[in-house]
$ cat model-v6.txt   # compact mmCIF, C-alpha atoms
# COMPACT_ATOMS: atom_id res chain seq x y z
CA MET W 253 -22.78 -50.27 3.94
CA ILE W 254 -19.85 -48.71 2.13
CA SER W 255 -19.87 -45.77 4.56
CA ASN W 256 -19.07 -48.07 7.52
CA TRP W 257 -16.19 -49.69 5.65
CA LEU W 258 -14.89 -46.34 4.44
CA ALA W 259 -15.11 -44.76 7.91
CA ALA W 260 -13.11 -47.65 9.41
CA ALA W 261 -10.49 -47.49 6.64
CA LEU W 262 -10.06 -43.73 7.06
CA ALA W 263 -9.90 -44.01 10.85
CA ARG W 264 -6.85 -46.27 10.50
CA ARG W 265 -5.20 -43.39 8.65
CA ASN W 266 -6.41 -40.84 11.20
CA ILE W 267 -8.78 -39.19 8.69
CA HIS W 268 -12.20 -38.17 9.98
CA TYR W 269 -15.26 -39.26 7.97
CA GLY W 270 -16.52 -35.68 8.13
CA TRP W 271 -14.20 -34.86 5.24
CA VAL W 272 -15.90 -37.57 3.16
CA MET W 273 -19.21 -35.86 3.97
CA VAL W 274 -17.72 -32.58 2.78
CA ALA W 275 -16.47 -34.16 -0.47
CA ALA W 276 -19.80 -35.88 -1.24
CA THR W 277 -21.81 -32.78 -0.36
CA PHE W 278 -19.45 -30.62 -2.42
CA PHE W 279 -20.07 -32.77 -5.51
CA ALA W 280 -23.85 -32.88 -4.96
CA ALA W 281 -23.99 -29.12 -4.44
CA LEU W 282 -21.75 -28.54 -7.46
CA VAL W 283 -24.11 -30.44 -9.77
CA SER W 284 -27.27 -28.99 -8.21
CA ALA W 285 -25.85 -25.49 -8.57
CA GLY W 286 -25.00 -26.20 -12.20
CA THR W 287 -28.69 -26.96 -12.68
CA VAL W 288 -29.61 -23.60 -11.14
CA GLY W 289 -27.13 -21.71 -13.32
CA ALA W 290 -27.84 -23.50 -16.63
CA PRO W 291 -30.85 -21.40 -17.78
CA GLY W 292 -28.51 -18.43 -18.33
CA VAL W 293 -27.11 -20.38 -21.30
CA PHE W 294 -30.56 -21.36 -22.58
CA ILE W 295 -32.21 -17.92 -22.72
CA ALA W 296 -31.12 -17.13 -26.30
CA PRO W 297 -31.90 -20.62 -27.72
CA LEU W 298 -35.36 -20.58 -26.12
CA GLN W 299 -36.03 -17.14 -27.59
CA GLN W 300 -35.00 -18.36 -31.05
CA GLU W 301 -37.04 -21.60 -30.91
CA PHE W 302 -40.22 -20.42 -29.20
CA GLY W 303 -40.20 -16.63 -29.63
CA TRP W 304 -40.45 -15.96 -25.89
CA SER W 305 -39.26 -12.56 -24.70
CA THR W 306 -36.50 -12.01 -22.15
CA ALA W 307 -39.08 -10.78 -19.62
CA GLU W 308 -41.22 -13.92 -20.09
CA ILE W 309 -38.28 -16.28 -19.59
CA SER W 310 -37.04 -14.20 -16.68
CA SER W 311 -40.43 -14.52 -14.99
CA ALA W 312 -39.98 -18.30 -14.81
CA LEU W 313 -36.45 -17.91 -13.48
CA SER W 314 -37.56 -15.37 -10.88
CA ILE W 315 -40.18 -17.84 -9.60
CA ARG W 316 -37.46 -20.49 -9.35
CA PHE W 317 -35.16 -18.16 -7.42
CA MET W 318 -37.94 -17.18 -5.02
CA LEU W 319 -39.04 -20.76 -4.32
CA PHE W 320 -35.40 -21.82 -4.03
CA GLY W 321 -35.05 -19.32 -1.20
CA LEU W 322 -38.46 -19.73 0.44
CA MET W 323 -37.87 -23.49 0.68
CA ALA W 324 -34.63 -22.97 2.65
CA PRO W 325 -36.09 -22.70 6.18
CA PHE W 326 -38.38 -25.65 5.50
CA ALA W 327 -35.39 -27.50 4.04
CA ALA W 328 -33.60 -27.05 7.36
CA ALA W 329 -36.60 -28.49 9.19
CA LEU W 330 -36.82 -31.38 6.70
CA LEU W 331 -33.10 -32.14 7.15
CA ASN W 332 -33.53 -32.11 10.93
CA ARG W 333 -36.61 -34.35 10.77
CA TYR W 334 -35.90 -36.83 7.97
CA GLY W 335 -32.13 -36.84 7.60
CA LEU W 336 -29.54 -35.52 5.17
CA ARG W 337 -29.46 -38.47 2.78
CA ASN W 338 -33.24 -38.94 2.44
CA VAL W 339 -33.95 -35.27 1.79
CA THR W 340 -31.03 -34.83 -0.62
CA LEU W 341 -32.06 -37.89 -2.67
CA ALA W 342 -35.69 -36.73 -2.79
CA ALA W 343 -34.57 -33.28 -3.97
CA GLN W 344 -32.43 -34.75 -6.75
CA LEU W 345 -35.31 -36.98 -7.91
CA ILE W 346 -37.64 -33.98 -8.15
CA VAL W 347 -35.11 -31.93 -10.15
CA VAL W 348 -34.27 -34.76 -12.58
CA SER W 349 -37.97 -35.44 -13.20
CA ALA W 350 -38.60 -31.78 -14.03
CA LEU W 351 -35.60 -31.59 -16.37
CA VAL W 352 -36.59 -34.75 -18.25
CA LEU W 353 -40.16 -33.51 -18.71
CA SER W 354 -38.91 -30.11 -19.89
CA LEU W 355 -37.13 -31.73 -22.85
CA GLY W 356 -40.55 -31.91 -24.52
CA MET W 357 -41.95 -28.51 -23.47
CA THR W 358 -43.41 -26.19 -26.12
CA LYS W 359 -45.50 -23.70 -24.10
CA LEU W 360 -44.50 -20.87 -21.79
CA TRP W 361 -46.65 -22.22 -18.94
CA GLN W 362 -44.66 -25.47 -19.09
CA LEU W 363 -41.42 -23.51 -18.67
CA ILE W 364 -42.88 -21.64 -15.70
CA LEU W 365 -44.19 -24.84 -14.09
CA LEU W 366 -41.11 -27.03 -14.62
CA TRP W 367 -38.19 -24.58 -14.50
CA GLY W 368 -39.90 -22.15 -12.16
CA VAL W 369 -42.00 -24.09 -9.67
CA VAL W 370 -40.75 -27.70 -9.66
CA ILE W 371 -37.01 -27.02 -9.98
CA GLY W 372 -37.34 -24.13 -7.53
CA VAL W 373 -38.82 -26.48 -4.92
CA GLY W 374 -36.40 -29.33 -5.69
CA THR W 375 -33.21 -27.31 -5.53
CA GLY W 376 -34.54 -25.38 -2.53
CA MET W 377 -34.89 -28.60 -0.50
CA THR W 378 -31.12 -28.50 0.09
CA ALA W 379 -29.78 -25.10 -1.04
CA LEU W 380 -27.01 -23.62 1.12
CA VAL W 381 -28.73 -24.99 4.22
CA LEU W 382 -27.31 -28.46 3.53
CA GLY W 383 -23.74 -27.17 3.77
CA ALA W 384 -24.52 -25.22 6.93
CA THR W 385 -26.03 -28.36 8.48
CA ILE W 386 -23.02 -30.51 7.55
CA ALA W 387 -20.69 -27.96 9.14
CA ALA W 388 -22.76 -27.70 12.33
CA ARG W 389 -23.27 -31.45 12.83
CA TRP W 390 -19.98 -32.93 11.70
CA PHE W 391 -17.45 -30.26 12.73
CA VAL W 392 -16.52 -28.44 15.91
CA ALA W 393 -13.18 -27.21 14.58
CA ARG W 394 -12.80 -25.78 11.05
CA ARG W 395 -16.49 -24.90 10.72
CA GLY W 396 -15.75 -21.64 8.91
CA LEU W 397 -13.48 -23.43 6.44
CA VAL W 398 -16.10 -26.13 5.79
CA VAL W 399 -18.80 -23.53 5.18
CA GLY W 400 -16.41 -21.76 2.81
CA ILE W 401 -15.69 -24.96 0.86
CA LEU W 402 -19.36 -25.95 0.55
CA SER W 403 -20.47 -22.41 -0.26
CA ALA W 404 -17.82 -22.28 -2.98
CA SER W 405 -19.28 -25.43 -4.51
CA VAL W 406 -22.63 -23.68 -4.97
CA ALA W 407 -21.31 -20.67 -6.86
CA THR W 408 -18.58 -22.60 -8.67
CA GLY W 409 -21.08 -25.19 -9.90
CA GLN W 410 -23.35 -22.44 -11.21
CA LEU W 411 -20.48 -21.09 -13.27
CA LEU W 412 -18.09 -23.96 -14.00
CA PHE W 413 -20.40 -25.99 -16.25
CA LEU W 414 -21.52 -23.00 -18.31
CA PRO W 415 -18.79 -23.10 -21.03
CA LEU W 416 -19.43 -26.81 -21.63
CA LEU W 417 -23.19 -26.29 -21.68
CA ALA W 418 -22.79 -23.33 -24.02
CA SER W 419 -20.63 -25.40 -26.36
CA LEU W 420 -23.07 -28.34 -26.32
CA THR W 421 -25.98 -25.98 -26.90
CA ASP W 422 -24.28 -24.22 -29.83
CA ARG W 423 -23.39 -27.53 -31.50
CA PHE W 424 -26.32 -29.81 -30.69
CA GLY W 425 -29.11 -27.66 -29.21
CA TRP W 426 -30.28 -26.86 -25.68
CA ARG W 427 -31.87 -30.28 -25.15
CA ILE W 428 -28.48 -32.02 -25.34
CA GLY W 429 -27.08 -29.59 -22.80
CA LEU W 430 -30.03 -30.30 -20.51
CA SER W 431 -29.57 -34.07 -20.93
CA PHE W 432 -25.94 -33.70 -19.83
CA ILE W 433 -27.12 -32.13 -16.55
CA CYS W 434 -29.54 -35.04 -16.01
CA VAL W 435 -26.67 -37.54 -16.29
CA LEU W 436 -24.59 -35.59 -13.76
CA LEU W 437 -27.52 -35.49 -11.34
CA ALA W 438 -27.94 -39.27 -11.61
CA ILE W 439 -24.25 -39.80 -10.79
CA SER W 440 -24.56 -37.40 -7.86
CA ALA W 441 -27.56 -39.32 -6.51
CA VAL W 442 -25.54 -42.56 -6.48
CA VAL W 443 -22.73 -40.88 -4.54
CA VAL W 444 -25.20 -39.44 -2.01
CA PHE W 445 -26.88 -42.81 -1.51
CA LEU W 446 -23.59 -44.63 -0.92
CA VAL W 447 -21.70 -42.30 1.41
CA LEU W 448 -23.93 -39.62 2.97
CA ARG W 449 -24.87 -40.23 6.61
CA ASP W 450 -26.96 -38.07 8.89
CA ARG W 451 -24.81 -37.71 12.02
CA PRO W 452 -21.35 -38.74 13.28
CA SER W 453 -23.05 -40.97 15.86
CA ASP W 454 -24.40 -43.12 13.00
CA LEU W 455 -20.80 -44.29 12.54
CA GLY W 456 -19.85 -44.26 16.20
CA LEU W 457 -17.90 -41.01 15.79
CA ARG W 458 -17.78 -37.59 17.40
CA PRO W 459 -17.73 -34.44 15.27
CA TYR W 460 -14.33 -33.42 13.92
CA GLY W 461 -12.46 -31.46 16.58
CA ASP W 462 -14.64 -32.72 19.45
CA ASN W 463 -12.39 -34.24 22.11
CA GLY W 464 -15.32 -35.26 24.31
CA ALA W 465 -15.15 -32.18 26.50
CA GLN W 466 -18.45 -30.67 25.30
CA ALA W 467 -20.61 -29.50 28.18
CA GLN W 468 -23.79 -30.47 26.32
CA PRO W 469 -24.52 -33.75 24.54
CA LEU W 470 -25.16 -33.56 20.80
CA PRO W 471 -28.82 -32.76 20.07
CA ALA W 472 -30.99 -35.70 19.10
CA PRO W 473 -32.77 -35.80 15.73
CA SER W 474 -35.72 -33.42 15.75
CA THR W 475 -39.25 -34.76 15.90
CA ALA W 476 -40.88 -31.33 15.65
CA PRO W 477 -43.37 -30.87 12.78
CA VAL W 478 -41.63 -29.24 9.79
CA MET W 479 -44.01 -26.29 9.51
CA ALA W 480 -44.02 -25.63 13.25
CA ALA W 481 -40.22 -25.71 13.49
CA ALA W 482 -39.70 -23.38 10.53
CA LEU W 483 -42.46 -20.88 11.29
CA GLY W 484 -41.76 -20.87 15.02
CA THR W 485 -38.16 -19.97 14.36
CA LEU W 486 -39.23 -17.14 12.04
CA ARG W 487 -41.59 -15.81 14.69
CA ASP W 488 -38.83 -15.75 17.30
CA ALA W 489 -36.02 -14.49 15.06
CA SER W 490 -38.09 -11.71 13.49
CA LYS W 491 -38.25 -9.96 16.86
CA SER W 492 -34.53 -9.24 16.57
CA GLY W 493 -32.96 -6.38 14.63
CA VAL W 494 -29.95 -8.62 13.98
CA PHE W 495 -32.14 -10.93 11.91
CA TRP W 496 -33.44 -8.11 9.73
CA VAL W 497 -29.96 -6.70 9.08
CA LEU W 498 -28.70 -10.12 7.97
CA PHE W 499 -31.89 -10.71 5.96
CA ALA W 500 -31.64 -7.35 4.17
CA THR W 501 -27.93 -7.66 3.37
CA PHE W 502 -28.42 -11.19 2.06
CA PHE W 503 -31.29 -9.86 -0.09
CA VAL W 504 -28.73 -7.55 -1.66
CA CYS W 505 -26.28 -10.45 -2.02
CA GLY W 506 -28.81 -12.42 -4.09
CA ALA W 507 -29.81 -9.40 -6.15
CA SER W 508 -26.18 -8.70 -7.07
CA THR W 509 -25.12 -12.30 -7.89
CA ASN W 510 -27.51 -15.12 -8.82
CA GLY W 511 -30.38 -13.03 -10.09
CA LEU W 512 -28.30 -10.52 -12.05
CA VAL W 513 -24.89 -11.71 -13.19
CA GLN W 514 -25.61 -15.44 -13.32
CA VAL W 515 -28.78 -15.03 -15.38
CA HIS W 516 -28.18 -11.90 -17.44
CA LEU W 517 -24.45 -11.46 -18.01
CA ILE W 518 -24.41 -13.81 -21.02
CA PRO W 519 -27.38 -12.12 -22.76
CA MET W 520 -25.84 -8.71 -22.00
CA CYS W 521 -22.55 -9.78 -23.54
CA LEU W 522 -24.47 -10.92 -26.64
CA ASP W 523 -25.86 -7.36 -26.88
CA TYR W 524 -22.25 -6.13 -27.12
CA GLY W 525 -21.27 -8.67 -29.78
CA ILE W 526 -19.51 -11.16 -27.50
CA PRO W 527 -20.27 -14.79 -28.55
CA GLN W 528 -22.15 -16.98 -26.08
CA VAL W 529 -19.31 -19.47 -25.52
CA GLU W 530 -16.88 -16.65 -24.69
CA ALA W 531 -19.41 -15.05 -22.34
CA ALA W 532 -19.93 -18.40 -20.60
CA SER W 533 -16.17 -18.76 -20.27
CA LEU W 534 -16.15 -15.40 -18.51
CA LEU W 535 -18.61 -16.75 -15.95
CA ALA W 536 -16.53 -19.90 -15.59
CA ALA W 537 -13.47 -17.76 -14.81
CA MET W 538 -15.53 -16.05 -12.11
CA GLY W 539 -16.34 -19.49 -10.74
CA ILE W 540 -12.67 -20.39 -10.48
CA PHE W 541 -11.82 -17.15 -8.68
CA ASP W 542 -14.89 -17.59 -6.49
CA PHE W 543 -13.70 -21.03 -5.38
CA PHE W 544 -10.54 -19.58 -3.89
CA GLY W 545 -12.24 -16.39 -2.70
CA THR W 546 -14.97 -18.21 -0.78
CA ILE W 547 -12.64 -20.76 0.82
CA GLY W 548 -10.37 -17.86 1.77
CA SER W 549 -13.40 -16.10 3.23
CA GLY W 550 -14.14 -19.17 5.34
CA TRP W 551 -10.57 -19.13 6.66
CA LEU W 552 -10.79 -15.41 7.42
CA SER W 553 -14.17 -15.77 9.12
CA ASP W 554 -12.62 -18.10 11.71
CA ARG W 555 -10.05 -15.43 12.59
CA PHE W 556 -11.45 -11.90 12.09
CA ASP W 557 -14.51 -9.81 12.89
CA ASN W 558 -17.17 -11.02 10.46
CA ARG W 559 -18.90 -7.63 10.38
CA PHE W 560 -15.86 -5.96 8.84
CA LEU W 561 -15.40 -8.81 6.37
CA LEU W 562 -18.95 -8.25 5.13
CA PHE W 563 -18.35 -4.48 5.00
CA TRP W 564 -15.46 -4.98 2.59
CA TYR W 565 -17.14 -7.74 0.56
CA TYR W 566 -20.30 -5.77 -0.17
CA GLY W 567 -18.42 -2.52 -0.75
CA LEU W 568 -15.97 -4.00 -3.25
CA ARG W 569 -18.73 -5.90 -5.05
CA GLY W 570 -20.76 -2.72 -5.41
CA LEU W 571 -17.81 -0.85 -6.89
CA SER W 572 -17.13 -3.65 -9.37
CA LEU W 573 -20.76 -3.66 -10.61
CA VAL W 574 -20.80 0.12 -11.02
CA ALA W 575 -17.49 -0.06 -12.91
CA LEU W 576 -18.54 -2.87 -15.31
CA PRO W 577 -20.26 -0.65 -17.92
CA PHE W 578 -17.09 1.48 -18.13
CA THR W 579 -14.93 -1.49 -19.20
CA ASP W 580 -16.25 -1.05 -22.78
CA PHE W 581 -16.67 -4.86 -22.64
CA SER W 582 -13.14 -5.33 -23.94
CA PHE W 583 -11.26 -8.56 -23.25
CA TYR W 584 -8.95 -6.79 -20.81
CA GLY W 585 -11.77 -4.99 -19.00
CA LEU W 586 -13.97 -8.07 -18.70
CA SER W 587 -11.03 -10.17 -17.50
CA LEU W 588 -10.35 -7.71 -14.68
CA PHE W 589 -14.04 -7.72 -13.78
CA ALA W 590 -14.14 -11.54 -13.75
CA MET W 591 -11.18 -11.72 -11.38
CA PHE W 592 -12.28 -8.90 -9.07
CA TYR W 593 -15.96 -9.83 -8.94
CA GLY W 594 -15.32 -13.59 -8.90
CA LEU W 595 -13.23 -13.44 -5.72
CA ASP W 596 -16.21 -11.77 -4.04
CA TRP W 597 -19.06 -13.75 -5.67
CA ILE W 598 -20.28 -15.65 -2.63
CA ALA W 599 -17.60 -14.78 -0.07
CA THR W 600 -20.41 -13.26 2.02
CA VAL W 601 -21.77 -16.68 3.01
CA PRO W 602 -19.19 -17.87 5.63
CA PRO W 603 -19.32 -14.61 7.66
CA THR W 604 -23.12 -14.56 7.46
CA VAL W 605 -23.39 -18.18 8.64
CA ARG W 606 -20.99 -17.54 11.52
CA LEU W 607 -22.84 -14.39 12.59
CA THR W 608 -26.09 -16.37 12.50
CA ALA W 609 -24.64 -19.14 14.68
CA GLN W 610 -23.16 -16.60 17.12
CA ARG W 611 -26.31 -14.56 17.52
CA PHE W 612 -28.99 -17.30 17.35
CA GLY W 613 -27.24 -20.37 18.79
CA PRO W 614 -26.02 -23.61 17.14
CA GLU W 615 -29.25 -25.58 17.70
CA ARG W 616 -31.41 -23.28 15.58
CA ALA W 617 -28.72 -21.74 13.38
CA ASN W 618 -29.66 -23.69 10.26
CA LEU W 619 -33.35 -22.76 10.63
CA VAL W 620 -32.57 -19.06 11.09
CA PHE W 621 -30.07 -19.14 8.24
CA GLY W 622 -32.76 -20.77 6.11
CA TRP W 623 -34.94 -17.68 6.53
CA ILE W 624 -31.98 -15.37 5.91
CA PHE W 625 -31.22 -17.34 2.74
CA ALA W 626 -34.86 -16.86 1.71
CA GLY W 627 -34.04 -13.14 1.66
CA HIS W 628 -31.09 -13.91 -0.61
CA GLN W 629 -33.30 -15.66 -3.15
CA ILE W 630 -36.07 -13.06 -2.99
CA GLY W 631 -33.39 -10.56 -3.95
CA ALA W 632 -32.24 -12.88 -6.73
CA ALA W 633 -35.82 -13.21 -8.01
CA ALA W 634 -36.31 -9.43 -7.99
CA ALA W 635 -33.08 -8.88 -9.92
CA ALA W 636 -33.75 -11.68 -12.41
CA PHE W 637 -37.15 -10.24 -13.31
CA GLY W 638 -36.14 -6.59 -13.00
CA ALA W 639 -33.11 -6.93 -15.25
CA GLY W 640 -35.15 -8.81 -17.85
CA LEU W 641 -37.82 -6.11 -17.71
CA SER W 642 -35.13 -3.43 -18.09
CA ARG W 643 -33.81 -5.17 -21.21
CA THR W 644 -37.32 -5.52 -22.68
CA LEU W 645 -38.54 -1.97 -21.95
CA LEU W 646 -35.31 0.05 -22.08
CA ALA W 647 -33.25 -2.14 -24.45
CA SER W 648 -30.43 -2.14 -21.88
CA TYR W 649 -29.29 -4.09 -18.83
CA LEU W 650 -27.15 -1.22 -17.51
CA PRO W 651 -29.78 0.34 -15.16
CA ALA W 652 -30.07 -3.01 -13.35
CA PHE W 653 -26.29 -3.23 -12.86
CA PHE W 654 -26.08 0.33 -11.52
CA ALA W 655 -28.96 -0.35 -9.12
CA ALA W 656 -27.34 -3.55 -7.84
CA GLY W 657 -24.04 -1.73 -7.27
CA ALA W 658 -25.79 0.98 -5.24
CA LEU W 659 -27.58 -1.64 -3.12
CA CYS W 660 -24.25 -3.32 -2.32
CA LEU W 661 -22.84 -0.05 -1.01
CA ILE W 662 -25.91 0.36 1.23
CA ALA W 663 -25.51 -3.22 2.52
CA SER W 664 -21.86 -2.51 3.26
CA ALA W 665 -22.91 0.25 5.66
CA MET W 666 -25.76 -1.78 7.20
CA VAL W 667 -23.56 -4.58 8.59
CA LEU W 668 -21.67 -2.07 10.74
CA THR W 669 -24.87 -1.42 12.70
CA LEU W 670 -24.51 -4.86 14.32
CA SER W 671 -23.04 -4.80 17.82
CA ARG W 672 -19.47 -5.97 18.22
CA GLN W 673 -20.12 -8.40 21.06
CA PRO W 674 -22.38 -11.34 20.13
CA LYS W 675 -25.40 -11.75 22.37
CA PRO W 676 -27.61 -14.87 22.09
CA VAL W 677 -30.99 -13.93 20.64
CA LEU W 678 -32.99 -17.18 20.70
CA ALA W 679 -33.53 -19.73 23.42
CA PRO W 680 -33.10 -23.38 22.35
CA GLN W 681 -36.19 -24.78 20.68
CA PRO W 682 -38.15 -26.98 23.08
CA ALA W 683 -38.19 -30.68 22.33
CA GLU W 684 -41.38 -32.07 20.93
$ encode --input "model-v6.txt" --output "structure tokens"
Amino acid sequence: MISNWLAAALARRNIHYGWVMVAATFFAALVSAGTVGAPGVFIAPLQQEFGWSTAEISSALSIRFMLFGLMAPFAAALLNRYGLRNVTLAAQLIVVSALVLSLGMTKLWQLILLWGVVIGVGTGMTALVLGATIAARWFVARRGLVVGILSASVATGQLLFLPLLASLTDRFGWRIGLSFICVLLAISAVVVFLVLRDRPSDLGLRPYGDNGAQAQPLPAPSTAPVMAAALGTLRDASKSGVFWVLFATFFVCGASTNGLVQVHLIPMCLDYGIPQVEAASLLAAMGIFDFFGTIGSGWLSDRFDNRFLLFWYYGLRGLSLVALPFTDFSFYGLSLFAMFYGLDWIATVPPTVRLTAQRFGPERANLVFGWIFAGHQIGAAAAAFGAGLSRTLLASYLPAFFAAGALCLIASAMVLTLSRQPKPVLAPQPAE
């Protein structure tokens, strides 16, 4: 296979294959995240063509966000049981099938089924858990940096494609924009098939930074039933207050990013007379700042107390959301918001992943993080629907933005309740 040849060629140049895994996963996550973020561009065209209200469209998107999150712990179990490449390819096939079928949809129930249920399940089969698994399996050193890079791909992909999709949609209609995403997903599937491998041992390698001095051998592939592994971890983790603090703060993270700004910032800008392409460019600028902010967060999380990093991230995000309505939606004000908010968009992920690994152990970290990420997407679903309902009933998105800002300030205080010294919470999961 090409992965064997590539690993040997890189080894001669003293480059670890783990970085190829990072690059391939980055691209796959970038495209998948673009799929998740695309409906923000399509809300107005769908309203014009089918007459659906913002609340009705938001209901489908909220279902997608919730399933995207609720799949995360089961995605971790699937990755452990069936392997990274197999699960990632299956997820991409499910998403592409739903997108192709949705090109011919005419009814609201079809939108809910395809964009809500099917795409929610498909994208949730990898979600952020894939990046966390790559970092845990392929890296001993630089784990925080790897999590930062792969987390940045998720948020950046959700935002980076939006100006192009908005332009395609304005010129040729939303179906052409959707077809463009299908092509990108097909290319991503080819890359995953050619280069993604499950574990370093598949190529006769050790994880990056492992000099052979590990006290414990690398864990073997799991044979535990998917449901038992996921639900058993939830049962054990839910007994800990640490889990509920991380779950609650990540709920706020989702409510203040994916569910609110990603979905509703473009329609809100349209309410203030800002054209769709310019509004999408604003989100793309956030994606660029997020790329550097999240990678920087990964670097910082390897070096500083992750509790205080989260304190600052949530606090500054809350202030930026509260301040947004006072920018008068001018070019200058929105540009400052894009820079300030973009740097903090998903910077919370690396510290949260590291806290999860510290408190719950490396063997079950991806399963526990899967449940914490479910909280993130439940928050996103609540914000997606709540903001759409606010726009429909109150003719304004502003109450939703104020509420999200207040929640961020509460989350900022909550993380400081965690103890300074990490104490293992879970025992290793017994082998099946």
$ closest_atom_pairs --input "model-v6.txt" --of "segment 572-626 of chain W" --to "segment 542-546 of chain W" --cutoff "6 Å" --atoms "all atoms listed in the file" --output "Markdown table"
| residue | atom | partner | partner_atom | distance |
| --- | --- | --- | --- | --- |
| W:Gly594 | CA | W:Asp542 | CA | 4.7 |
| W:Leu595 | CA | W:Gly545 | CA | 4.3 |
| W:Trp597 | CA | W:Asp542 | CA | 5.7 |
| W:Ala599 | CA | W:Thr546 | CA | 4.4 |
$ residues_around --input "model-v6.txt" --residues "Leu517 of chain W" --least-positions-apart "2" --cutoff "9 Å" --atoms "all atoms listed in the file" --output "PyMOL selection string"
chain W and resi 292+512-515+519-522+531-532+535+649
$ closest_residue --input "model-v6.txt" --among "W:Leu313, W:Ala327, W:Ile540, W:Leu576" --to "Met591 of chain W" --atoms "all atoms listed in the file"
W:Ile540
$ residues_near_point --input "model-v6.txt" --point "(-17.0, -19.7, 0.0)" --cutoff "10 Å" --atoms "only C-alpha atoms" --output "PyMOL selection string"
chain W and resi 396-408+542-551+595-603
$ atom_distance --input "model-v6.txt" --atom1 "atom CA of Gly374 of chain W" --atom2 "atom CA of Ala500 of chain W"
24.6 Å
$ residues_around --input "model-v6.txt" --residues "Met318 of chain W" --least-positions-apart "3" --cutoff "12 Å" --atoms "all atoms listed in the file" --output "PyMOL selection string"
chain W and resi 311-315+321-324+368-373+375-376+503+506-507+510-511+623+625-637
$ closest_residue --input "model-v6.txt" --among "W:Cys505, W:Leu668, W:Val352, W:Met479" --to "Asp557 of chain W" --atoms "all atoms listed in the file"
W:Leu668
$ atom_distance --input "model-v6.txt" --atom1 "atom CA of Val348 of chain W" --atom2 "atom CA of Leu534 of chain W"
27.2 Å
$ residues_around --input "model-v6.txt" --residues "segment 303-306 of chain W" --least-positions-apart "6" --cutoff "8 Å" --atoms "all atoms listed in the file" --output "PDB file with C-alpha atoms, in the frame of the given file"
ATOM      1  CA  ILE W 295     -32.210 -17.920 -22.720  1.00  0.00           C
ATOM      2  CA  LEU W 360     -44.500 -20.870 -21.790  1.00  0.00           C
ATOM      3  CA  GLY W 640     -35.150  -8.810 -17.850  1.00  0.00           C
ATOM      4  CA  LEU W 641     -37.820  -6.110 -17.710  1.00  0.00           C
ATOM      5  CA  ARG W 643     -33.810  -5.170 -21.210  1.00  0.00           C
ATOM      6  CA  THR W 644     -37.320  -5.520 -22.680  1.00  0.00           C
TER       7      THR W 644
END
$ closest_residue --input "model-v6.txt" --among "W:Pro291, W:Pro651, W:Gly270, W:Gly286" --to "Ala393 of chain W" --atoms "all atoms listed in the file"
W:Gly270
